[in-house]
$ cat protein-v1.csv   # CSV, C-alpha atoms
chain,number,residue,atom,x,y,z
A,35,MET,CA,-25.9,33.5,-2.0
A,36,ASN,CA,-25.3,31.5,-5.2
A,37,ASN,CA,-24.9,27.8,-4.4
A,38,ASN,CA,-23.9,26.8,-7.9
A,39,LEU,CA,-20.6,25.1,-7.3
A,40,ASN,CA,-20.0,24.9,-11.1
A,41,GLN,CA,-18.8,28.5,-10.9
A,42,ASN,CA,-16.8,28.1,-7.8
A,43,LEU,CA,-13.7,26.4,-6.3
A,44,VAL,CA,-13.1,24.3,-3.2
A,45,VAL,CA,-10.0,23.7,-1.1
A,46,GLY,CA,-9.4,20.4,0.6
A,47,LEU,CA,-6.7,19.9,3.3
A,48,ASP,CA,-5.2,16.8,4.8
A,49,ALA,CA,-3.3,18.1,7.9
A,50,GLY,CA,-1.4,15.2,9.4
A,51,GLY,CA,1.3,14.7,12.0
A,52,THR,CA,4.1,14.7,9.3
A,53,ARG,CA,2.9,17.1,6.7
A,54,THR,CA,0.0,19.3,5.5
A,55,ARG,CA,-1.3,18.8,1.9
A,56,ALA,CA,-3.8,21.0,0.2
A,57,VAL,CA,-5.6,20.7,-3.1
A,58,LEU,CA,-7.6,23.1,-5.2
A,59,ALA,CA,-10.6,21.3,-6.7
A,60,HIS,CA,-13.3,22.2,-9.3
A,61,ALA,CA,-16.9,21.4,-8.7
A,62,SER,CA,-16.5,18.2,-10.6
A,63,GLY,CA,-14.0,17.0,-8.0
A,64,ALA,CA,-11.1,17.2,-10.4
A,65,VAL,CA,-8.0,18.4,-8.7
A,66,TRP,CA,-6.3,21.4,-10.3
A,67,SER,CA,-3.3,22.0,-8.2
A,68,GLU,CA,-1.6,21.0,-4.9
A,69,GLY,CA,0.5,22.4,-2.1
A,70,VAL,CA,2.6,20.8,0.7
A,71,ALA,CA,3.9,22.2,3.9
A,72,GLY,CA,4.9,21.1,7.4
A,73,PRO,CA,2.9,19.1,10.0
A,74,GLY,CA,-0.7,20.0,10.8
A,75,ASN,CA,-1.5,18.2,14.1
A,76,ALA,CA,-3.9,20.7,15.7
A,77,LEU,CA,-2.8,19.7,19.2
A,78,THR,CA,0.9,19.3,18.9
A,79,VAL,CA,1.9,22.1,16.5
A,80,THR,CA,2.0,25.6,17.9
A,81,PRO,CA,-0.8,28.0,16.8
A,82,ALA,CA,1.7,30.2,14.9
A,83,ASP,CA,3.4,27.3,13.1
A,84,LEU,CA,0.0,25.7,12.3
A,85,ALA,CA,-1.2,28.9,10.7
A,86,ASP,CA,2.1,29.2,8.7
A,87,HIS,CA,1.9,25.6,7.5
A,88,LEU,CA,-1.7,26.0,6.4
A,89,ALA,CA,-1.1,29.3,4.7
A,90,TRP,CA,1.9,27.8,2.8
A,91,ALA,CA,0.1,24.7,1.6
A,92,ILE,CA,-3.0,26.6,0.6
A,93,GLY,CA,-1.0,29.3,-1.0
A,94,GLU,CA,0.9,26.8,-3.1
A,95,ALA,CA,-2.4,25.1,-4.2
A,96,VAL,CA,-4.4,28.2,-5.0
A,97,PRO,CA,-2.9,30.8,-7.4
A,98,ALA,CA,-3.4,34.4,-6.3
A,99,GLY,CA,-5.8,35.1,-9.2
A,100,LEU,CA,-8.2,32.3,-8.2
A,101,ARG,CA,-8.4,32.9,-4.4
A,102,GLY,CA,-11.5,35.1,-4.8
A,103,GLN,CA,-13.3,32.1,-6.3
A,104,VAL,CA,-12.8,29.8,-3.3
A,105,VAL,CA,-16.2,29.4,-1.6
A,106,ALA,CA,-15.6,26.4,0.7
A,107,VAL,CA,-12.7,25.0,2.6
A,108,GLY,CA,-12.7,21.5,4.1
A,109,ALA,CA,-9.9,20.2,6.3
A,110,GLY,CA,-9.1,17.0,8.1
A,111,PHE,CA,-6.8,17.5,11.0
A,112,ALA,CA,-4.8,15.1,13.1
A,113,GLY,CA,-5.7,16.0,16.7
A,114,ALA,CA,-9.1,17.5,15.9
A,115,ALA,CA,-12.7,16.3,15.6
A,116,ARG,CA,-15.9,17.4,14.0
A,117,THR,CA,-17.7,17.5,17.3
A,118,PRO,CA,-18.1,18.9,19.9
A,119,ASP,CA,-17.6,22.6,19.0
A,120,ASP,CA,-15.4,23.2,22.0
A,121,GLU,CA,-13.1,20.3,21.4
A,122,PRO,CA,-9.6,21.7,21.8
A,123,GLY,CA,-8.2,20.4,18.6
A,124,ARG,CA,-11.2,21.7,16.6
A,125,VAL,CA,-10.9,25.2,18.2
A,126,ALA,CA,-7.2,25.3,17.4
A,127,ALA,CA,-7.7,24.1,13.8
A,128,LEU,CA,-10.5,26.6,13.1
A,129,ALA,CA,-8.4,29.5,14.5
A,130,ALA,CA,-5.3,28.6,12.5
A,131,LEU,CA,-7.3,28.1,9.3
A,132,ALA,CA,-9.1,31.4,9.7
A,133,THR,CA,-5.7,33.1,10.1
A,134,ALA,CA,-4.3,31.3,7.1
A,135,CYS,CA,-7.3,32.2,4.9
A,136,ARG,CA,-7.2,35.8,6.0
A,137,ARG,CA,-3.5,36.1,5.2
A,138,LEU,CA,-4.2,34.8,1.7
A,139,GLY,CA,-7.3,36.9,1.0
A,140,ILE,CA,-9.5,33.8,0.9
A,141,THR,CA,-13.0,34.4,2.2
A,142,PRO,CA,-14.9,31.1,2.0
A,143,ALA,CA,-18.6,31.0,2.7
A,144,VAL,CA,-18.2,27.8,4.7
A,145,VAL,CA,-15.3,26.1,6.5
A,146,GLU,CA,-15.7,22.5,7.4
A,147,VAL,CA,-13.2,21.1,10.0
A,148,CYS,CA,-13.1,17.4,11.0
A,149,SER,CA,-10.5,14.8,12.0
A,150,ASP,CA,-8.1,13.4,9.5
A,151,LEU,CA,-9.7,10.0,10.0
A,152,GLU,CA,-13.2,11.4,9.1
A,153,ALA,CA,-11.7,13.0,6.0
A,154,CYS,CA,-10.0,9.8,5.0
A,155,PHE,CA,-13.2,7.8,5.4
A,156,ALA,CA,-15.1,10.3,3.2
A,157,SER,CA,-12.3,9.9,0.5
A,158,ALA,CA,-13.6,6.4,-0.3
A,159,PRO,CA,-15.7,6.0,-3.5
A,160,GLY,CA,-19.2,7.4,-3.0
A,161,THR,CA,-18.2,9.6,0.0
A,162,PRO,CA,-19.7,7.2,2.6
A,163,ALA,CA,-21.4,8.6,5.7
A,164,GLU,CA,-21.3,5.5,8.0
A,165,GLY,CA,-19.0,2.6,8.6
A,166,LEU,CA,-15.6,1.8,10.0
A,167,ALA,CA,-12.2,3.5,9.3
A,168,LEU,CA,-8.7,2.1,10.0
A,169,VAL,CA,-5.5,4.0,9.8
A,170,ALA,CA,-2.2,2.1,9.9
A,171,GLY,CA,0.8,4.4,9.3
A,172,THR,CA,3.3,5.8,11.8
A,173,GLY,CA,0.5,5.2,14.3
A,174,SER,CA,-2.7,3.2,14.2
A,175,VAL,CA,-6.3,3.8,15.1
A,176,ALA,CA,-9.8,2.6,14.2
A,177,ALA,CA,-13.1,4.4,14.4
A,178,ARG,CA,-16.8,4.0,13.9
A,179,ILE,CA,-18.3,6.8,11.9
A,180,GLN,CA,-22.0,7.7,11.8
A,181,ASP,CA,-23.4,10.7,9.9
A,182,ARG,CA,-19.8,11.5,8.9
A,183,ALA,CA,-18.6,12.0,12.5
A,184,ILE,CA,-16.6,9.7,14.8
A,185,THR,CA,-18.7,8.1,17.5
A,186,ALA,CA,-16.2,5.6,18.9
A,187,THR,CA,-12.5,4.9,18.6
A,188,ALA,CA,-10.2,2.0,19.3
A,189,ASP,CA,-6.4,2.5,20.0
A,190,GLY,CA,-4.8,5.6,18.6
A,191,ASN,CA,-3.2,5.9,22.0
A,192,GLY,CA,0.2,6.9,20.7
A,193,TRP,CA,3.6,5.2,20.7
A,194,LEU,CA,4.0,4.9,24.4
A,195,LEU,CA,0.6,3.4,25.3
A,196,GLY,CA,-0.7,1.9,22.1
A,197,ASP,CA,-0.7,2.2,18.3
A,198,ASP,CA,-0.5,-1.6,18.1
A,199,GLY,CA,0.4,-2.9,14.6
A,200,SER,CA,1.6,0.6,13.5
A,201,GLY,CA,4.8,1.6,11.7
A,202,PHE,CA,6.2,2.5,15.0
A,203,TRP,CA,5.3,-0.9,16.5
A,204,ILE,CA,6.9,-2.7,13.6
A,205,GLY,CA,10.0,-0.6,13.8
A,206,ARG,CA,10.4,-1.1,17.5
A,207,SER,CA,9.9,-4.9,17.0
A,208,ALA,CA,12.7,-4.8,14.4
A,209,VAL,CA,15.1,-3.2,16.8
A,210,ARG,CA,14.1,-5.6,19.6
A,211,ALA,CA,14.8,-8.5,17.3
A,212,ALA,CA,18.2,-7.0,16.4
A,213,LEU,CA,19.1,-6.4,20.1
A,214,ASN,CA,18.1,-9.9,21.1
A,215,MET,CA,20.9,-11.1,18.9
A,216,GLY,CA,23.3,-9.1,21.1
A,217,HIS,CA,22.0,-11.1,24.1
A,218,GLY,CA,22.4,-14.4,22.3
A,219,ARG,CA,18.6,-15.0,22.3
A,220,GLY,CA,16.0,-15.0,19.6
A,221,ARG,CA,16.2,-16.4,16.2
A,222,PRO,CA,18.8,-15.3,13.6
A,223,THR,CA,17.4,-12.6,11.4
A,224,ALA,CA,18.5,-10.4,8.5
A,225,LEU,CA,17.0,-7.5,10.5
A,226,THR,CA,20.2,-7.4,12.6
A,227,ALA,CA,22.2,-6.1,9.6
A,228,ALA,CA,19.3,-4.1,8.1
A,229,VAL,CA,18.7,-2.2,11.4
A,230,GLY,CA,22.4,-1.7,11.9
A,231,HIS,CA,22.9,-0.2,8.5
A,232,ALA,CA,19.9,2.1,9.0
A,233,LEU,CA,20.8,3.4,12.4
A,234,LEU,CA,24.6,3.2,12.3
A,235,PRO,CA,25.4,4.8,9.0
A,236,GLY,CA,29.1,4.8,8.2
A,237,ARG,CA,30.0,2.2,10.7
A,238,GLN,CA,31.4,-1.1,9.6
A,239,LEU,CA,29.4,-4.1,10.8
A,240,PRO,CA,31.2,-7.4,11.4
A,241,GLU,CA,31.4,-9.6,8.3
A,242,GLY,CA,29.2,-12.7,7.9
A,243,PRO,CA,25.8,-13.5,9.3
A,244,ALA,CA,25.0,-12.1,12.7
A,245,GLU,CA,24.6,-15.5,14.3
A,246,ALA,CA,28.3,-16.1,13.5
A,247,TRP,CA,29.5,-13.0,15.3
A,248,SER,CA,31.7,-13.3,18.3
A,249,ASP,CA,30.5,-12.3,21.7
A,250,PRO,CA,32.6,-9.1,21.7
A,251,GLN,CA,31.2,-8.2,18.3
A,252,ARG,CA,27.7,-8.7,19.5
A,253,GLU,CA,28.3,-6.6,22.5
A,254,ALA,CA,30.0,-3.8,20.4
A,255,TYR,CA,26.9,-3.8,18.1
A,256,ARG,CA,24.5,-3.4,21.1
A,257,ALA,CA,26.7,-0.8,22.6
A,258,ARG,CA,26.5,1.3,19.5
A,259,LEU,CA,22.9,0.6,18.6
A,260,LEU,CA,21.3,1.6,21.9
A,261,PRO,CA,22.6,5.2,21.9
A,262,ALA,CA,21.5,5.6,18.3
A,263,VAL,CA,18.0,4.6,19.1
A,264,MET,CA,17.8,6.7,22.3
A,265,SER,CA,19.2,9.8,20.6
A,266,GLU,CA,16.0,10.3,18.5
A,267,PRO,CA,12.3,10.7,19.3
A,268,PRO,CA,10.9,7.2,19.7
A,269,VAL,CA,8.3,7.6,17.0
A,270,ARG,CA,11.2,7.8,14.5
A,271,LEU,CA,11.5,4.0,14.7
A,272,ALA,CA,8.5,3.9,12.3
A,273,ARG,CA,10.9,4.6,9.4
A,274,LEU,CA,12.3,1.1,9.9
A,275,ALA,CA,9.0,-0.5,8.9
A,276,PRO,CA,9.9,-0.7,5.2
A,277,LEU,CA,13.1,-2.6,6.1
A,278,VAL,CA,10.9,-5.2,7.8
A,279,ALA,CA,8.7,-5.5,4.7
A,280,ASP,CA,11.8,-5.9,2.5
A,281,SER,CA,13.3,-8.6,4.8
A,282,ALA,CA,10.0,-10.5,4.9
A,283,ARG,CA,9.8,-10.5,1.1
A,284,ASP,CA,13.3,-11.9,1.0
A,285,GLY,CA,12.2,-14.8,3.2
A,286,ASP,CA,13.3,-13.7,6.7
A,287,PRO,CA,11.0,-15.6,9.1
A,288,VAL,CA,11.4,-13.1,12.0
A,289,ALA,CA,10.4,-10.2,9.8
A,290,ALA,CA,7.5,-12.1,8.4
A,291,ALA,CA,6.3,-12.9,11.9
A,292,ILE,CA,6.5,-9.3,12.9
A,293,LEU,CA,4.2,-8.3,10.0
A,294,ASP,CA,1.8,-11.2,10.8
A,295,ASP,CA,1.6,-10.1,14.4
A,296,ALA,CA,1.0,-6.5,13.3
A,297,ALA,CA,-1.9,-7.5,11.0
A,298,GLU,CA,-3.5,-9.5,13.8
A,299,LEU,CA,-3.2,-6.6,16.2
A,300,LEU,CA,-4.9,-4.2,13.6
A,301,ALA,CA,-7.7,-6.8,13.2
A,302,ASP,CA,-8.1,-6.9,17.0
A,303,THR,CA,-8.4,-3.1,17.0
A,304,VAL,CA,-11.2,-3.2,14.4
A,305,ARG,CA,-12.9,-6.1,16.3
A,306,THR,CA,-13.1,-3.8,19.4
A,307,LEU,CA,-15.6,-1.7,17.5
A,308,HIS,CA,-18.0,-4.7,17.1
A,309,PRO,CA,-18.1,-4.6,13.3
A,310,ARG,CA,-21.2,-5.9,11.5
A,311,PRO,CA,-20.7,-8.2,8.6
A,312,GLY,CA,-20.9,-6.4,5.3
A,313,GLU,CA,-20.5,-2.9,6.6
A,314,ARG,CA,-18.2,-0.4,5.0
A,315,LEU,CA,-14.5,-0.3,6.1
A,316,VAL,CA,-12.1,2.2,4.7
A,317,GLY,CA,-8.4,1.8,5.3
A,318,THR,CA,-5.6,4.3,4.9
A,319,GLY,CA,-2.0,4.8,5.9
A,320,GLY,CA,1.3,3.7,4.5
A,321,LEU,CA,1.0,0.1,5.7
A,322,LEU,CA,-2.3,-0.4,3.9
A,323,GLY,CA,-3.6,0.2,0.4
A,324,PRO,CA,-2.9,-1.8,-2.8
A,325,ASP,CA,0.8,-1.9,-2.2
A,326,GLY,CA,0.9,-1.8,1.6
A,327,PRO,CA,2.9,-4.5,3.4
A,328,LEU,CA,0.1,-5.4,5.7
A,329,THR,CA,-2.8,-5.5,3.2
A,330,ALA,CA,-2.6,-9.1,2.2
A,331,ARG,CA,-1.9,-10.2,5.7
A,332,LEU,CA,-4.9,-8.3,7.1
A,333,ALA,CA,-7.3,-9.5,4.5
A,334,PRO,CA,-8.0,-13.0,6.0
A,335,HIS,CA,-8.7,-11.4,9.4
A,336,LEU,CA,-11.2,-9.0,7.8
A,337,ASP,CA,-12.8,-11.8,5.9
A,338,ALA,CA,-13.3,-13.6,9.2
A,339,LEU,CA,-15.2,-10.5,10.4
A,340,GLY,CA,-17.3,-10.3,7.3
A,341,LEU,CA,-15.5,-7.1,6.1
A,342,ARG,CA,-13.9,-6.0,2.9
A,343,ALA,CA,-11.8,-2.9,2.9
A,344,ASP,CA,-11.8,0.0,0.5
A,345,TRP,CA,-8.6,2.0,0.4
A,346,ALA,CA,-8.1,5.8,0.5
A,347,GLU,CA,-4.7,7.4,-0.1
A,348,ASP,CA,-5.3,10.3,2.3
A,349,GLY,CA,-8.1,12.7,3.3
A,350,ARG,CA,-7.8,15.4,0.7
A,351,ARG,CA,-10.6,14.3,-1.6
A,352,GLY,CA,-12.8,13.5,1.4
A,353,ALA,CA,-12.1,17.0,2.7
A,354,VAL,CA,-13.2,18.5,-0.6
A,355,ALA,CA,-16.3,16.4,-0.6
A,356,LEU,CA,-17.3,17.4,2.9
A,357,ALA,CA,-16.7,21.1,2.1
A,358,ARG,CA,-19.0,20.8,-1.0
A,359,ILE,CA,-21.7,19.0,1.0
A,360,ALA,CA,-21.6,21.8,3.7
A,361,TYR,CA,-21.7,24.5,1.0
A,362,ARG,CA,-24.7,23.0,-0.7
A,363,ARG,CA,-26.5,23.0,2.7
A,364,LEU,CA,-26.2,26.8,3.0
A,365,PRO,CA,-29.5,28.6,2.4
A,366,ALA,CA,-29.7,30.4,-1.0
A,367,CYS,CA,-29.7,34.2,-0.6
$ encode --input "protein-v1.csv" --output "structure tokens"
Amino acid sequence: MNNNLNQNLVVGLDAGGTRTRAVLAHASGAVWSEGVAGPGNALTVTPADLADHLAWAIGEAVPAGLRGQVVAVGAGFAGAARTPDDEPGRVAALAALATACRRLGITPAVVEVCSDLEACFASAPGTPAEGLALVAGTGSVAARIQDRAITATADGNGWLLGDDGSGFWIGRSAVRAALNMGHGRGRPTALTAAVGHALLPGRQLPEGPAEAWSDPQREAYRARLLPAVMSEPPVRLARLAPLVADSARDGDPVAAAILDDAAELLADTVRTLHPRPGERLVGTGGLLGPDGPLTARLAPHLDALGLRADWAEDGRRGAVALARIAYRRLPAC
């Protein structure tokens, strides 16, 4: 077997709960093309749909004429893990990926499957092998990683039991603040109107600030808002997180307090893993990164722990790097 990656191509996959993204990369790491498909959670997406989504994303990223040059595939899956081999998510991910590659005529020498968190961690500069990872997007979770594999996690318990400080948590807090207005309790907040416009499109809200609404107007607002919230999957509340960030930037104290509390909860999640001052921490997810609404609020908490975060957009580059590492470890034939 020729282990010269300069003559070969690698596919990296970031298969998350919302969408699956694939990239075709050269040995240098430069991305040539990309593909996007539906969700790729290895535990919640049916095997048939998972294979379809993977095949679509890879097929978009890899032109038919180049598929014979793909020697390695790396994939980070929500709902899967690198170890152990019989972990249900890993088994499902490997099976679906094998089906997708076979459908496309791709026969890689190595397939590397890990969790989306492990792939995101590896996406940081230098492809780190050990440290801490923090995800804050629709959900939230932190993990300790050793030898590129998760050895401990904190939170990641889903919208019903955890995901503290996540987009869902922020969105739910926004709706609670809006509903409190209907009960005549809680501080006045611009979130009342913002949530109403988001969840009750086409309905005319009472004029003027919410604190000036009459009792019948407040009750009518609550009576419409509750069914709108209950009619959708709870996790959909995460889409309200940007409204909270906008309101906080405009000076709304209730929105700002929600974001402050979210940052503190994320710091508590990291603290659960007993971080060592100076060790590597990689953050990812829509709430973090250079433009994330929680980045500046989280920084003082991380400073207190002796941590400074690197940011990774997603796990695609990490998946490519892990696939290349695995390919290089194959014995030459």
$ closest_residue --input "protein-v1.csv" --among "A:Ala130, A:Ala338, A:Cys148, A:Ala85" --to "Gly352 of chain A" --atoms "all atoms listed in the file"
A:Cys148
$ closest_atom_pairs --input "protein-v1.csv" --of "segment 87-196 of chain A" --to "segment 312-318 of chain A" --cutoff "7 Å" --atoms "all atoms listed in the file" --output "CSV"
residue,atom,partner,partner_atom,distance
A:Phe155,CA,A:Val316,CA,5.7
A:Ala158,CA,A:Val316,CA,6.7
A:Gly165,CA,A:Arg314,CA,4.8
A:Leu166,CA,A:Leu315,CA,4.6
A:Ala167,CA,A:Val316,CA,4.8
A:Leu168,CA,A:Gly317,CA,4.7
A:Val169,CA,A:Thr318,CA,4.9
A:Ala170,CA,A:Thr318,CA,6.4
$ closest_residue --input "protein-v1.csv" --among "A:Met264, A:Val65, A:Leu58, A:Arg270" --to "Phe202 of chain A" --atoms "all atoms listed in the file"
A:Arg270
$ residues_around --input "protein-v1.csv" --residues "Asp181 of chain A" --least-positions-apart "3" --cutoff "12 Å" --atoms "all atoms listed in the file" --output "PDB file with C-alpha atoms, in the frame of the given file"
ATOM      1  CA  ARG A 116     -15.900  17.400  14.000  1.00  0.00           C
ATOM      2  CA  THR A 117     -17.700  17.500  17.300  1.00  0.00           C
ATOM      3  CA  GLU A 152     -13.200  11.400   9.100  1.00  0.00           C
ATOM      4  CA  PHE A 155     -13.200   7.800   5.400  1.00  0.00           C
ATOM      5  CA  ALA A 156     -15.100  10.300   3.200  1.00  0.00           C
ATOM      6  CA  THR A 161     -18.200   9.600   0.000  1.00  0.00           C
ATOM      7  CA  PRO A 162     -19.700   7.200   2.600  1.00  0.00           C
ATOM      8  CA  ALA A 163     -21.400   8.600   5.700  1.00  0.00           C
ATOM      9  CA  GLU A 164     -21.300   5.500   8.000  1.00  0.00           C
ATOM     10  CA  GLY A 165     -19.000   2.600   8.600  1.00  0.00           C
ATOM     11  CA  LEU A 166     -15.600   1.800  10.000  1.00  0.00           C
ATOM     12  CA  ARG A 178     -16.800   4.000  13.900  1.00  0.00           C
ATOM     13  CA  ILE A 184     -16.600   9.700  14.800  1.00  0.00           C
ATOM     14  CA  THR A 185     -18.700   8.100  17.500  1.00  0.00           C
ATOM     15  CA  LEU A 356     -17.300  17.400   2.900  1.00  0.00           C
TER      16      LEU A 356
END
$ residues_around --input "protein-v1.csv" --residues "Ala297 of chain A" --least-positions-apart "4" --cutoff "9 Å" --atoms "all atoms listed in the file" --output "MDAnalysis selection string"
chainID A and resid 199 292:293 301:302 328:333 335
$ atom_distance --input "protein-v1.csv" --atom1 "atom CA of Ala289 of chain A" --atom2 "atom CA of Ala188 of chain A"
25.8 Å
$ closest_residue --input "protein-v1.csv" --among "A:Gln238, A:Ser157, A:Thr133, A:Gln180" --to "Val354 of chain A" --atoms "all atoms listed in the file"
A:Ser157
$ atom_distance --input "protein-v1.csv" --atom1 "atom CA of Ala291 of chain A" --atom2 "atom CA of Asp189 of chain A"
21.5 Å
$ closest_residue --input "protein-v1.csv" --among "A:Ile359, A:Val107, A:Ala61, A:Leu300" --to "Val175 of chain A" --atoms "all atoms listed in the file"
A:Leu300
$ closest_residue --input "protein-v1.csv" --among "A:Leu321, A:Ile204, A:Ala228, A:Val144" --to "Ala346 of chain A" --atoms "only C-alpha atoms"
A:Leu321
